[in-house]
file run.pdb (PDB, C-alpha atoms)
ATOM      1  CA  MET A   1       0.000   0.000   0.000
ATOM      2  CA  SER A   2       1.083   3.611  -0.531
ATOM      3  CA  LEU A   3       0.224   7.031   0.807
ATOM      4  CA  ASN A   4       0.150  10.155  -1.369
ATOM      5  CA  VAL A   5       1.564  13.242   0.365
ATOM      6  CA  ILE A   6       2.250  16.804  -0.770
ATOM      7  CA  ALA A   7       5.718  18.102   0.090
ATOM      8  CA  GLN A   8       6.786  21.726  -0.286
ATOM      9  CA  THR A   9       9.944  23.792   0.053
ATOM     10  CA  HIS A  10       9.853  27.585   0.383
ATOM     11  CA  ASN A  11      12.447  30.294   1.002
ATOM     12  CA  LEU A  12      10.506  32.826   3.120
ATOM     13  CA  TRP A  13      12.812  35.818   2.384
ATOM     14  CA  GLY A  14      13.769  36.597   5.971
ATOM     15  CA  ASP A  15      12.554  39.955   7.259
ATOM     16  CA  HIS A  16      12.469  41.706   3.872
ATOM     17  CA  HIS A  17       9.202  43.682   3.565
ATOM     18  CA  ALA A  18       7.693  41.462   6.233
ATOM     19  CA  ALA A  19       4.782  43.755   7.127
ATOM     20  CA  GLU A  20       3.721  44.000   3.494
ATOM     21  CA  ARG A  21       3.967  40.225   2.875
ATOM     22  CA  VAL A  22       2.408  38.808   6.008
ATOM     23  CA  ASN A  23      -1.157  38.652   4.646
ATOM     24  CA  ALA A  24      -0.051  36.938   1.445
ATOM     25  CA  MET A  25       1.932  34.325   3.360
ATOM     26  CA  ARG A  26      -0.948  33.668   5.740
ATOM     27  CA  ALA A  27      -3.439  33.391   2.889
ATOM     28  CA  MET A  28      -1.287  30.933   0.985
ATOM     29  CA  TYR A  29      -0.732  28.517   3.849
ATOM     30  CA  LYS A  30      -4.344  28.663   4.995
ATOM     31  CA  ARG A  31      -5.483  27.879   1.456
ATOM     32  CA  ARG A  32      -2.972  25.203   0.504
ATOM     33  CA  ALA A  33      -1.052  23.774   3.441
ATOM     34  CA  PRO A  34       1.197  20.886   2.308
ATOM     35  CA  ASP A  35       1.611  17.669   4.263
ATOM     36  CA  LEU A  36       5.373  18.278   4.554
ATOM     37  CA  LEU A  37       6.924  21.750   4.572
ATOM     38  CA  ALA A  38      10.572  22.816   4.640
ATOM     39  CA  THR A  39      11.455  26.501   4.929
ATOM     40  CA  GLN A  40      14.572  28.602   4.520
ATOM     41  CA  GLU A  41      15.206  32.178   5.733
ATOM     42  CA  THR A  42      12.686  31.519   8.487
ATOM     43  CA  ARG A  43      12.213  34.087  11.242
ATOM     44  CA  THR A  44      10.245  34.022  14.489
ATOM     45  CA  TRP A  45       7.313  35.890  12.954
ATOM     46  CA  SER A  46       7.070  33.654   9.870
ATOM     47  CA  ARG A  47       7.463  30.494  11.955
ATOM     48  CA  ASP A  48       4.626  31.592  14.257
ATOM     49  CA  LEU A  49       2.491  32.628  11.273
ATOM     50  CA  LEU A  50       2.847  29.157   9.743
ATOM     51  CA  ASP A  51       1.976  27.523  13.060
ATOM     52  CA  ALA A  52      -1.265  29.504  13.165
ATOM     53  CA  ALA A  53      -2.096  29.031   9.470
ATOM     54  CA  MET A  54      -1.592  25.244   9.651
ATOM     55  CA  PRO A  55      -3.170  24.147  12.964
ATOM     56  CA  GLY A  56      -3.138  20.491  11.918
ATOM     57  CA  HIS A  57       0.655  20.500  11.638
ATOM     58  CA  ALA A  58       3.570  20.098  14.034
ATOM     59  CA  ARG A  59       7.179  21.240  13.610
ATOM     60  CA  VAL A  60      10.538  20.748  15.236
ATOM     61  CA  HIS A  61      10.923  22.377  18.659
ATOM     62  CA  ASP A  62      14.538  22.783  19.719
ATOM     63  CA  ASP A  63      16.647  25.329  21.587
ATOM     64  CA  PHE A  64      19.247  25.572  18.809
ATOM     65  CA  PRO A  65      18.728  29.098  17.311
ATOM     66  CA  GLY A  66      18.840  27.894  13.706
ATOM     67  CA  TRP A  67      15.400  26.315  13.999
ATOM     68  CA  GLU A  68      14.034  29.823  14.621
ATOM     69  CA  SER A  69      16.317  32.001  12.477
ATOM     70  CA  GLN A  70      17.182  29.763   9.506
ATOM     71  CA  SER A  71      14.953  26.767   8.746
ATOM     72  CA  ASN A  72      12.263  24.564  10.182
ATOM     73  CA  LEU A  73      10.319  21.464   9.154
ATOM     74  CA  TRP A  74       6.556  20.916   9.476
ATOM     75  CA  TRP A  75       4.376  17.820   9.011
ATOM     76  CA  ASN A  76       0.685  16.917   8.976
ATOM     77  CA  THR A  77       0.021  15.211  12.311
ATOM     78  CA  GLU A  78      -2.682  12.991  10.823
ATOM     79  CA  LEU A  79      -0.053  11.404   8.576
ATOM     80  CA  PHE A  80       3.242  11.632  10.486
ATOM     81  CA  SER A  81       4.741  11.653  13.967
ATOM     82  CA  GLU A  82       8.253  12.652  15.004
ATOM     83  CA  VAL A  83      10.851  10.039  15.886
ATOM     84  CA  GLU A  84      13.956  12.242  16.226
ATOM     85  CA  HIS A  85      15.560  15.367  14.759
ATOM     86  CA  GLY A  86      18.888  17.146  14.462
ATOM     87  CA  ALA A  87      20.968  19.870  12.819
ATOM     88  CA  GLU A  88      24.336  19.092  11.189
ATOM     89  CA  ASP A  89      27.100  21.552  10.295
ATOM     90  CA  VAL A  90      27.827  21.289   6.553
ATOM     91  CA  GLY A  91      29.895  24.458   6.184
ATOM     92  CA  ILE A  92      27.201  26.957   5.212
ATOM     93  CA  HIS A  93      28.403  30.555   5.709
ATOM     94  CA  ASP A  94      25.553  31.977   7.788
ATOM     95  CA  ALA A  95      24.980  32.070  11.533
ATOM     96  CA  HIS A  96      23.302  28.868  12.761
ATOM     97  CA  ALA A  97      22.806  27.555   9.210
ATOM     98  CA  ARG A  98      22.799  23.755   9.153
ATOM     99  CA  LEU A  99      21.420  20.700   7.453
ATOM    100  CA  PHE A 100      18.183  20.425   9.443
ATOM    101  CA  TRP A 101      16.440  17.058   9.594
ATOM    102  CA  VAL A 102      13.591  15.170  11.181
ATOM    103  CA  ARG A 103      12.780  11.459  11.035
ATOM    104  CA  LEU A 104       9.039  10.919  10.783
ATOM    105  CA  ARG A 105       6.982   7.791  11.231
ATOM    106  CA  VAL A 106       4.268   7.268   8.646
ATOM    107  CA  ALA A 107       0.851   6.733  10.247
ATOM    108  CA  GLY A 108      -0.455   3.198  10.226
ATOM    109  CA  GLY A 109       2.799   1.269  10.102
ATOM    110  CA  PRO A 110       6.498   1.027  10.926
ATOM    111  CA  ARG A 111       7.713   2.994   7.848
ATOM    112  CA  THR A 112       9.782   6.141   8.468
ATOM    113  CA  ILE A 113      11.007   8.911   6.187
ATOM    114  CA  LEU A 114      13.876  11.380   6.556
ATOM    115  CA  TRP A 115      12.683  14.953   5.811
ATOM    116  CA  THR A 116      15.539  17.488   5.583
ATOM    117  CA  THR A 117      16.435  20.980   4.425
ATOM    118  CA  ALA A 118      19.413  23.308   4.014
ATOM    119  CA  HIS A 119      19.964  26.735   2.472
ATOM    120  CA  LEU A 120      23.280  26.622   0.624
ATOM    121  CA  SER A 121      25.306  29.819   0.678
ATOM    122  CA  TYR A 122      24.251  32.725  -1.513
ATOM    123  CA  SER A 123      26.939  33.545  -4.078
ATOM    124  CA  GLY A 124      27.293  36.976  -2.471
ATOM    125  CA  ASN A 125      28.597  35.521   0.788
ATOM    126  CA  ALA A 126      31.766  37.190   2.080
ATOM    127  CA  VAL A 127      34.035  34.175   1.531
ATOM    128  CA  GLU A 128      33.029  33.794  -2.110
ATOM    129  CA  VAL A 129      33.205  37.508  -2.848
ATOM    130  CA  GLU A 130      36.742  37.635  -1.420
ATOM    131  CA  THR A 131      38.099  34.412  -2.936
ATOM    132  CA  GLY A 132      36.013  33.995  -6.086
ATOM    133  CA  VAL A 133      35.648  30.303  -5.190
ATOM    134  CA  ASN A 134      32.254  28.576  -5.385
ATOM    135  CA  GLN A 135      31.151  27.615  -1.864
ATOM    136  CA  ARG A 136      28.043  25.576  -2.705
ATOM    137  CA  THR A 137      29.806  22.579  -4.247
ATOM    138  CA  PRO A 138      31.718  21.577  -1.089
ATOM    139  CA  GLN A 139      28.584  22.246   0.946
ATOM    140  CA  ALA A 140      26.595  19.901  -1.315
ATOM    141  CA  ARG A 141      29.249  17.206  -0.836
ATOM    142  CA  ARG A 142      28.940  17.514   2.927
ATOM    143  CA  VAL A 143      25.134  17.405   2.679
ATOM    144  CA  VAL A 144      25.122  14.128   0.748
ATOM    145  CA  ASP A 145      27.682  12.669   3.166
ATOM    146  CA  GLU A 146      25.448  13.551   6.125
ATOM    147  CA  LEU A 147      22.340  12.189   4.405
ATOM    148  CA  GLU A 148      24.199   8.950   3.735
ATOM    149  CA  ARG A 149      25.047   8.744   7.429
ATOM    150  CA  LEU A 150      21.558   9.667   8.623
ATOM    151  CA  GLY A 151      19.420   7.679   6.197
ATOM    152  CA  GLN A 152      18.341   4.199   7.238
ATOM    153  CA  PRO A 153      18.133   1.173   4.934
ATOM    154  CA  ASP A 154      15.053   1.229   2.699
ATOM    155  CA  GLU A 155      14.031   4.660   4.057
ATOM    156  CA  PRO A 156      12.822   7.427   1.720
ATOM    157  CA  VAL A 157      15.188  10.392   2.087
ATOM    158  CA  PHE A 158      14.121  13.903   1.054
ATOM    159  CA  PHE A 159      16.315  16.983   0.769
ATOM    160  CA  ALA A 160      14.360  20.214   0.227
ATOM    161  CA  SER A 161      16.640  23.135  -0.518
ATOM    162  CA  ASP A 162      17.281  26.592  -1.789
ATOM    163  CA  THR A 163      20.526  25.525  -3.422
ATOM    164  CA  ASN A 164      21.511  28.936  -4.808
ATOM    165  CA  ALA A 165      23.090  26.827  -7.558
ATOM    166  CA  ILE A 166      22.506  25.973 -11.205
ATOM    167  CA  ALA A 167      25.368  23.577 -11.913
ATOM    168  CA  THR A 168      28.048  21.772  -9.921
ATOM    169  CA  ALA A 169      26.283  21.566  -6.536
ATOM    170  CA  ILE A 170      23.221  20.159  -8.299
ATOM    171  CA  TRP A 171      25.385  17.602 -10.091
ATOM    172  CA  VAL A 172      26.926  16.504  -6.784
ATOM    173  CA  ILE A 173      23.461  15.789  -5.378
ATOM    174  CA  GLY A 174      22.315  13.984  -8.522
ATOM    175  CA  ASN A 175      25.458  11.870  -8.703
ATOM    176  CA  ALA A 176      24.848  10.777  -5.105
ATOM    177  CA  GLY A 177      21.690   8.988  -6.197
ATOM    178  CA  TYR A 178      19.066  11.711  -5.855
ATOM    179  CA  LEU A 179      16.524  13.015  -8.352
ATOM    180  CA  ASP A 180      14.524  16.190  -8.035
ATOM    181  CA  SER A 181      10.762  15.871  -8.378
ATOM    182  CA  PHE A 182      10.729  17.412 -11.883
ATOM    183  CA  SER A 183      13.526  15.265 -13.317
ATOM    184  CA  ALA A 184      11.818  12.187 -11.875
ATOM    185  CA  LEU A 185       8.801  13.037 -14.046
ATOM    186  CA  ASN A 186      10.997  13.615 -17.112
ATOM    187  CA  ARG A 187      10.351  17.363 -16.901
ATOM    188  CA  GLN A 188      12.554  20.444 -16.895
ATOM    189  CA  ALA A 189      12.226  22.338 -13.619
ATOM    190  CA  PRO A 190      10.770  25.848 -14.158
ATOM    191  CA  PRO A 191      12.454  28.936 -12.668
ATOM    192  CA  THR A 192      11.858  29.507  -8.966
ATOM    193  CA  HIS A 193      13.580  32.901  -8.458
ATOM    194  CA  PRO A 194      12.935  35.785  -8.581
ATOM    195  CA  VAL A 195       9.188  36.171  -8.311
ATOM    196  CA  VAL A 196       7.964  38.652 -10.910
ATOM    197  CA  PRO A 197       6.433  41.152 -10.520
ATOM    198  CA  ASN A 198       8.076  42.214  -7.281
ATOM    199  CA  VAL A 199       6.229  45.308  -6.097
ATOM    200  CA  PHE A 200       8.978  46.164  -3.588
ATOM    201  CA  ARG A 201      11.808  46.649  -6.096
ATOM    202  CA  GLU A 202      12.343  49.948  -7.881
ATOM    203  CA  THR A 203      15.074  48.537 -10.139
ATOM    204  CA  VAL A 204      15.876  45.093 -11.528
ATOM    205  CA  GLY A 205      19.398  45.112 -10.084
ATOM    206  CA  THR A 206      20.528  43.232  -6.989
ATOM    207  CA  PRO A 207      22.109  44.683  -3.807
ATOM    208  CA  LYS A 208      25.452  43.490  -5.212
ATOM    209  CA  SER A 209      25.154  44.891  -8.734
ATOM    210  CA  PRO A 210      22.918  46.876 -11.101
ATOM    211  CA  ILE A 211      22.650  43.749 -13.269
ATOM    212  CA  ALA A 212      19.246  42.078 -13.087
ATOM    213  CA  SER A 213      19.000  38.705 -11.415
ATOM    214  CA  PRO A 214      18.088  36.228 -14.188
ATOM    215  CA  HIS A 215      15.204  33.811 -13.867
ATOM    216  CA  LYS A 216      16.725  30.578 -12.559
ATOM    217  CA  THR A 217      15.850  27.283 -10.934
ATOM    218  CA  ILE A 218      17.472  27.080  -7.509
ATOM    219  CA  ASP A 219      14.747  25.563  -5.283
ATOM    220  CA  TYR A 220      14.298  21.788  -5.367
ATOM    221  CA  ILE A 221      12.912  18.765  -3.583
ATOM    222  CA  PHE A 222      15.439  15.961  -4.055
ATOM    223  CA  PHE A 223      14.684  12.397  -3.039
ATOM    224  CA  ARG A 224      15.959   8.836  -3.136
ATOM    225  CA  GLY A 225      14.752   5.457  -1.937
ATOM    226  CA  PRO A 226      11.276   3.910  -2.003
ATOM    227  CA  ALA A 227       9.237   6.975  -2.921
ATOM    228  CA  ARG A 228       7.694   7.920  -6.257
ATOM    229  CA  ALA A 229       7.103  11.429  -7.586
ATOM    230  CA  ARG A 230       3.536  11.845  -8.837
ATOM    231  CA  SER A 231       3.470  15.580  -9.622
ATOM    232  CA  ALA A 232       5.654  18.691  -9.369
ATOM    233  CA  GLU A 233       4.700  22.366  -9.415
ATOM    234  CA  VAL A 234       6.296  25.762  -9.014
ATOM    235  CA  VAL A 235       3.538  27.503  -7.081
ATOM    236  CA  GLU A 236       2.415  30.933  -8.243
ATOM    237  CA  PHE A 237       0.384  32.691  -5.557
ATOM    238  CA  PHE A 238      -0.467  36.372  -5.136
ATOM    239  CA  ASP A 239      -2.752  38.068  -2.626
ATOM    240  CA  ARG A 240      -3.870  41.524  -3.805
ATOM    241  CA  GLY A 241      -0.859  41.532  -6.114
ATOM    242  CA  ILE A 242       1.686  40.618  -3.428
ATOM    243  CA  ALA A 243       3.566  37.316  -3.298
ATOM    244  CA  PRO A 244       4.525  35.647  -0.003
ATOM    245  CA  SER A 245       8.251  35.750  -0.904
ATOM    246  CA  ASP A 246      10.732  36.534  -3.661
ATOM    247  CA  HIS A 247      11.025  32.754  -4.212
ATOM    248  CA  TYR A 248       8.263  30.609  -5.635
ATOM    249  CA  PRO A 249       7.558  27.529  -3.512
ATOM    250  CA  VAL A 250       8.077  24.106  -5.065
ATOM    251  CA  ALA A 251       5.333  21.588  -4.275
ATOM    252  CA  SER A 252       5.416  17.908  -5.248
ATOM    253  CA  THR A 253       3.180  14.922  -4.594
ATOM    254  CA  PHE A 254       4.949  11.707  -3.614
ATOM    255  CA  ALA A 255       3.666   8.186  -3.184
ATOM    256  CA  LEU A 256       5.163   6.707  -0.003
ATOM    257  CA  PRO A 257       5.023   3.013   0.792
ATOM    258  CA  THR A 258       3.312   2.408   4.120
ATOM    259  CA  THR A 259       4.594  -1.143   4.655
TER     260      THR A 259
END

call {"tool": "encode", "arguments": {"input": "run.pdb", "output": "structure tokens"}}
result
Amino acid sequence: MSLNVIAQTHNLWGDHHAAERVNAMRAMYKRRAPDLLATQETRTWSRDLLDAAMPGHARVHDDFPGWESQSNLWWNTELFSEVEHGAEDVGIHDAHARLFWVRLRVAGGPRTILWTTAHLSYSGNAVEVETGVNQRTPQARRVVDELERLGQPDEPVFFASDTNAIATAIWVIGNAGYLDSFSALNRQAPPTHPVVPNVFRETVGTPKSPIASPHKTIDYIFFRGPARARSAEVVEFFDRGIAPSDHYPVASTFALPTT
């Protein structure tokens, strides 16, 4: 037997224009709460907003600051229950940034899944700007090493990420035995950043340069093991013309074996 679940990853854009975006974020997660959610650039206000918008969900509670200021992981309590969780240092250049993970038991049987997330370093991080050396590729290598250590035999392993990468870091993950939900369906992943139109930007340039940020695919749900991708979507959602973030969420349906 199998269970169909909707998984989603979403970079919540930190504190940028938070007051203007709060209604859009609340409306989105009230309207279409996924069964599994991984977030990046989480803050206390956005974490609490998601708790309120998804009352049927639980998340990781832990004193480590990264669960509040970087990422967190939610799950539908009718379908999953927590077994254990953790946060592993994989060399990401941001305070309290980690590979965050939770092992969840699937309702109705002994099956577990490993649900994880990490936000690989933005190319404008200080180390990369100074050295000119890509920082995401070694981070991806450390991620797949940790997932290999954490994953149990015959356990579906999911890695939901803002990779900030379009090449080598993605190849590292793929060559470690993972597919993203679009590739698994023989599809090209659509762009996930930036959201357009962005009503908060007066120019198309970035804080680092006047050159516009190109449309690119950097947000993924990777997986391996006994799970099957059934659908994949880059979610477009606006409330009164305002999007919840400058990243589109990625949502995918997976069939999980229950026995």

call {"tool": "closest_residue", "arguments": {"input": "run.pdb", "among": "A:Ala18, A:Val144, A:Ile6, A:Ile113", "to": "Pro226 of chain A", "atoms": "only C-alpha atoms"}}
result
A:Ile113

call {"tool": "resolve_selection", "arguments": {"input": "run.pdb", "expression": "the PyMOL selection byres ((chain A and resi 216-225) around 9)", "output": "NGL selection string"}}
result
:A and (7-11 or 153-166 or 173-174 or 177-182 or 189-194 or 213-215 or 226-229 or 247-252)

call {"tool": "closest_residue", "arguments": {"input": "run.pdb", "among": "A:Ser231, A:Asn76, A:Thr206, A:Gln70", "to": "Ser121 of chain A", "atoms": "all atoms listed in the file"}}
result
A:Gln70

call {"tool": "closest_residue", "arguments": {"input": "run.pdb", "among": "A:Met1, A:Pro138, A:Thr77, A:Ala107", "to": "Gly91 of chain A", "atoms": "all atoms listed in the file"}}
result
A:Pro138

call {"tool": "closest_residue", "arguments": {"input": "run.pdb", "among": "A:Asn186, A:Thr259, A:Thr131, A:Gln152", "to": "Arg230 of chain A", "atoms": "all atoms listed in the file"}}
result
A:Asn186

call {"tool": "closest_residue", "arguments": {"input": "run.pdb", "among": "A:Ala19, A:Asn4, A:Ser123, A:Gly56", "to": "Phe200 of chain A", "atoms": "only C-alpha atoms"}}
result
A:Ala19

call {"tool": "closest_residue", "arguments": {"input": "run.pdb", "among": "A:Ser46, A:Asn134, A:Leu3, A:Ala97", "to": "Ala169 of chain A", "atoms": "only C-alpha atoms"}}
result
A:Asn134

call {"tool": "atom_distance", "arguments": {"input": "run.pdb", "atom1": "atom CA of Arg26 of chain A", "atom2": "atom CA of Val234 of chain A"}}
result
18.2 Å

call {"tool": "atom_distance", "arguments": {"input": "run.pdb", "atom1": "atom CA of Tyr29 of chain A", "atom2": "atom CA of Gly108 of chain A"}}
result
26.1 Å

call {"tool": "resolve_selection", "arguments": {"input": "run.pdb", "expression": "the PyMOL selection byres ((chain A and resi 79-82) around 8)", "output": "short mmCIF file (atom, residue, chain, number, x, y, z; two decimals) with C-alpha atoms, keeping the file's coordinate frame"}}
result
data_model
loop_
_atom_site.label_atom_id
_atom_site.label_comp_id
_atom_site.auth_asym_id
_atom_site.auth_seq_id
_atom_site.Cartn_x
_atom_site.Cartn_y
_atom_site.Cartn_z
CA ASP A 35 1.61 17.67 4.26
CA TRP A 75 4.38 17.82 9.01
CA ASN A 76 0.68 16.92 8.98
CA THR A 77 0.02 15.21 12.31
CA GLU A 78 -2.68 12.99 10.82
CA VAL A 83 10.85 10.04 15.89
CA GLU A 84 13.96 12.24 16.23
CA HIS A 85 15.56 15.37 14.76
CA VAL A 102 13.59 15.17 11.18
CA ARG A 103 12.78 11.46 11.04
CA LEU A 104 9.04 10.92 10.78
CA ARG A 105 6.98 7.79 11.23
CA VAL A 106 4.27 7.27 8.65
CA ALA A 107 0.85 6.73 10.25
#

call {"tool": "resolve_selection", "arguments": {"input": "run.pdb", "expression": "the PyMOL selection byres ((chain A and resi 66) around 12)", "output": "VMD selection string"}}
result
chain A and resid 39 to 44 47 60 to 65 67 to 73 86 to 89 92 94 to 101 117 to 119

call {"tool": "atom_distance", "arguments": {"input": "run.pdb", "atom1": "atom CA of Glu20 of chain A", "atom2": "atom CA of Leu50 of chain A"}}
result
16.1 Å

call {"tool": "residues_around", "arguments": {"input": "run.pdb", "residues": "Gln139 of chain A", "least_positions_apart": "2", "cutoff": "7 Å", "atoms": "only C-alpha atoms", "output": "NGL selection string"}}
result
:A and (90-92 or 120 or 135-137 or 141-143)

call {"tool": "residues_around", "arguments": {"input": "run.pdb", "residues": "Ser245 of chain A", "least_positions_apart": "4", "cutoff": "8 Å", "atoms": "all atoms listed in the file", "output": "number ranges by chain"}}
result
A: 11-13, 21, 25, 195

call {"tool": "decode", "arguments": {"input": "run.pdb", "residues": "segment 156-180 of chain A", "atoms": "N, CA and C atoms", "output": "PDB file, in the first residue's frame"}}
result
ATOM      1  N   PRO A 156      12.839   6.272   2.618  1.00  0.00           N
ATOM      2  CA  PRO A 156      12.822   7.427   1.720  1.00  0.00           C
ATOM      3  C   PRO A 156      13.529   8.619   2.361  1.00  0.00           C
ATOM      4  N   VAL A 157      14.430   9.233   1.611  1.00  0.00           N
ATOM      5  CA  VAL A 157      15.188  10.392   2.087  1.00  0.00           C
ATOM      6  C   VAL A 157      14.870  11.574   1.186  1.00  0.00           C
ATOM      7  N   PHE A 158      14.476  12.692   1.787  1.00  0.00           N
ATOM      8  CA  PHE A 158      14.121  13.903   1.054  1.00  0.00           C
ATOM      9  C   PHE A 158      15.045  15.041   1.485  1.00  0.00           C
ATOM     10  N   PHE A 159      15.499  15.804   0.502  1.00  0.00           N
ATOM     11  CA  PHE A 159      16.315  16.983   0.769  1.00  0.00           C
ATOM     12  C   PHE A 159      15.679  18.152   0.028  1.00  0.00           C
ATOM     13  N   ALA A 160      15.034  19.045   0.782  1.00  0.00           N
ATOM     14  CA  ALA A 160      14.360  20.214   0.227  1.00  0.00           C
ATOM     15  C   ALA A 160      15.264  21.412   0.438  1.00  0.00           C
ATOM     16  N   SER A 161      15.563  22.154  -0.646  1.00  0.00           N
ATOM     17  CA  SER A 161      16.640  23.135  -0.518  1.00  0.00           C
ATOM     18  C   SER A 161      16.472  24.321  -1.448  1.00  0.00           C
ATOM     19  N   ASP A 162      16.871  25.490  -0.932  1.00  0.00           N
ATOM     20  CA  ASP A 162      17.281  26.592  -1.789  1.00  0.00           C
ATOM     21  C   ASP A 162      18.775  26.382  -1.989  1.00  0.00           C
ATOM     22  N   THR A 163      19.133  25.887  -3.158  1.00  0.00           N
ATOM     23  CA  THR A 163      20.526  25.525  -3.422  1.00  0.00           C
ATOM     24  C   THR A 163      21.389  26.706  -3.831  1.00  0.00           C
ATOM     25  N   ASN A 164      20.763  27.802  -4.262  1.00  0.00           N
ATOM     26  CA  ASN A 164      21.511  28.936  -4.808  1.00  0.00           C
ATOM     27  C   ASN A 164      22.454  28.497  -5.922  1.00  0.00           C
ATOM     28  N   ALA A 165      22.153  27.412  -6.596  1.00  0.00           N
ATOM     29  CA  ALA A 165      23.090  26.827  -7.558  1.00  0.00           C
ATOM     30  C   ALA A 165      22.365  26.370  -8.810  1.00  0.00           C
ATOM     31  N   ILE A 166      23.078  26.446  -9.949  1.00  0.00           N
ATOM     32  CA  ILE A 166      22.506  25.973 -11.205  1.00  0.00           C
ATOM     33  C   ILE A 166      23.376  24.907 -11.868  1.00  0.00           C
ATOM     34  N   ALA A 167      24.469  24.507 -11.228  1.00  0.00           N
ATOM     35  CA  ALA A 167      25.368  23.577 -11.913  1.00  0.00           C
ATOM     36  C   ALA A 167      25.998  22.597 -10.943  1.00  0.00           C
ATOM     37  N   THR A 168      27.253  22.831 -10.540  1.00  0.00           N
ATOM     38  CA  THR A 168      28.048  21.772  -9.921  1.00  0.00           C
ATOM     39  C   THR A 168      27.446  21.233  -8.628  1.00  0.00           C
ATOM     40  N   ALA A 169      26.888  22.075  -7.775  1.00  0.00           N
ATOM     41  CA  ALA A 169      26.283  21.566  -6.536  1.00  0.00           C
ATOM     42  C   ALA A 169      25.109  20.648  -6.850  1.00  0.00           C
ATOM     43  N   ILE A 170      24.349  20.995  -7.884  1.00  0.00           N
ATOM     44  CA  ILE A 170      23.221  20.159  -8.299  1.00  0.00           C
ATOM     45  C   ILE A 170      23.733  18.813  -8.806  1.00  0.00           C
ATOM     46  N   TRP A 171      24.819  18.848  -9.556  1.00  0.00           N
ATOM     47  CA  TRP A 171      25.385  17.602 -10.091  1.00  0.00           C
ATOM     48  C   TRP A 171      25.873  16.702  -8.956  1.00  0.00           C
ATOM     49  N   VAL A 172      26.469  17.287  -7.929  1.00  0.00           N
ATOM     50  CA  VAL A 172      26.926  16.504  -6.784  1.00  0.00           C
ATOM     51  C   VAL A 172      25.750  15.742  -6.167  1.00  0.00           C
ATOM     52  N   ILE A 173      24.633  16.420  -5.992  1.00  0.00           N
ATOM     53  CA  ILE A 173      23.461  15.789  -5.378  1.00  0.00           C
ATOM     54  C   ILE A 173      22.909  14.695  -6.290  1.00  0.00           C
ATOM     55  N   GLY A 174      22.813  14.983  -7.591  1.00  0.00           N
ATOM     56  CA  GLY A 174      22.315  13.984  -8.522  1.00  0.00           C
ATOM     57  C   GLY A 174      23.215  12.769  -8.608  1.00  0.00           C
ATOM     58  N   ASN A 175      24.517  12.983  -8.602  1.00  0.00           N
ATOM     59  CA  ASN A 175      25.458  11.870  -8.703  1.00  0.00           C
ATOM     60  C   ASN A 175      25.541  11.040  -7.425  1.00  0.00           C
ATOM     61  N   ALA A 176      24.924  11.547  -6.350  1.00  0.00           N
ATOM     62  CA  ALA A 176      24.848  10.777  -5.105  1.00  0.00           C
ATOM     63  C   ALA A 176      23.595   9.908  -5.054  1.00  0.00           C
ATOM     64  N   GLY A 177      22.840   9.884  -6.136  1.00  0.00           N
ATOM     65  CA  GLY A 177      21.690   8.988  -6.197  1.00  0.00           C
ATOM     66  C   GLY A 177      20.349   9.645  -6.006  1.00  0.00           C
ATOM     67  N   TYR A 178      20.319  10.988  -6.055  1.00  0.00           N
ATOM     68  CA  TYR A 178      19.066  11.711  -5.855  1.00  0.00           C
ATOM     69  C   TYR A 178      18.524  12.222  -7.189  1.00  0.00           C
ATOM     70  N   LEU A 179      17.198  12.288  -7.284  1.00  0.00           N
ATOM     71  CA  LEU A 179      16.524  13.015  -8.352  1.00  0.00           C
ATOM     72  C   LEU A 179      15.721  14.135  -7.729  1.00  0.00           C
ATOM     73  N   ASP A 180      15.509  15.211  -8.473  1.00  0.00           N
ATOM     74  CA  ASP A 180      14.524  16.190  -8.035  1.00  0.00           C
ATOM     75  C   ASP A 180      13.171  15.763  -8.588  1.00  0.00           C
TER      76      ASP A 180
END
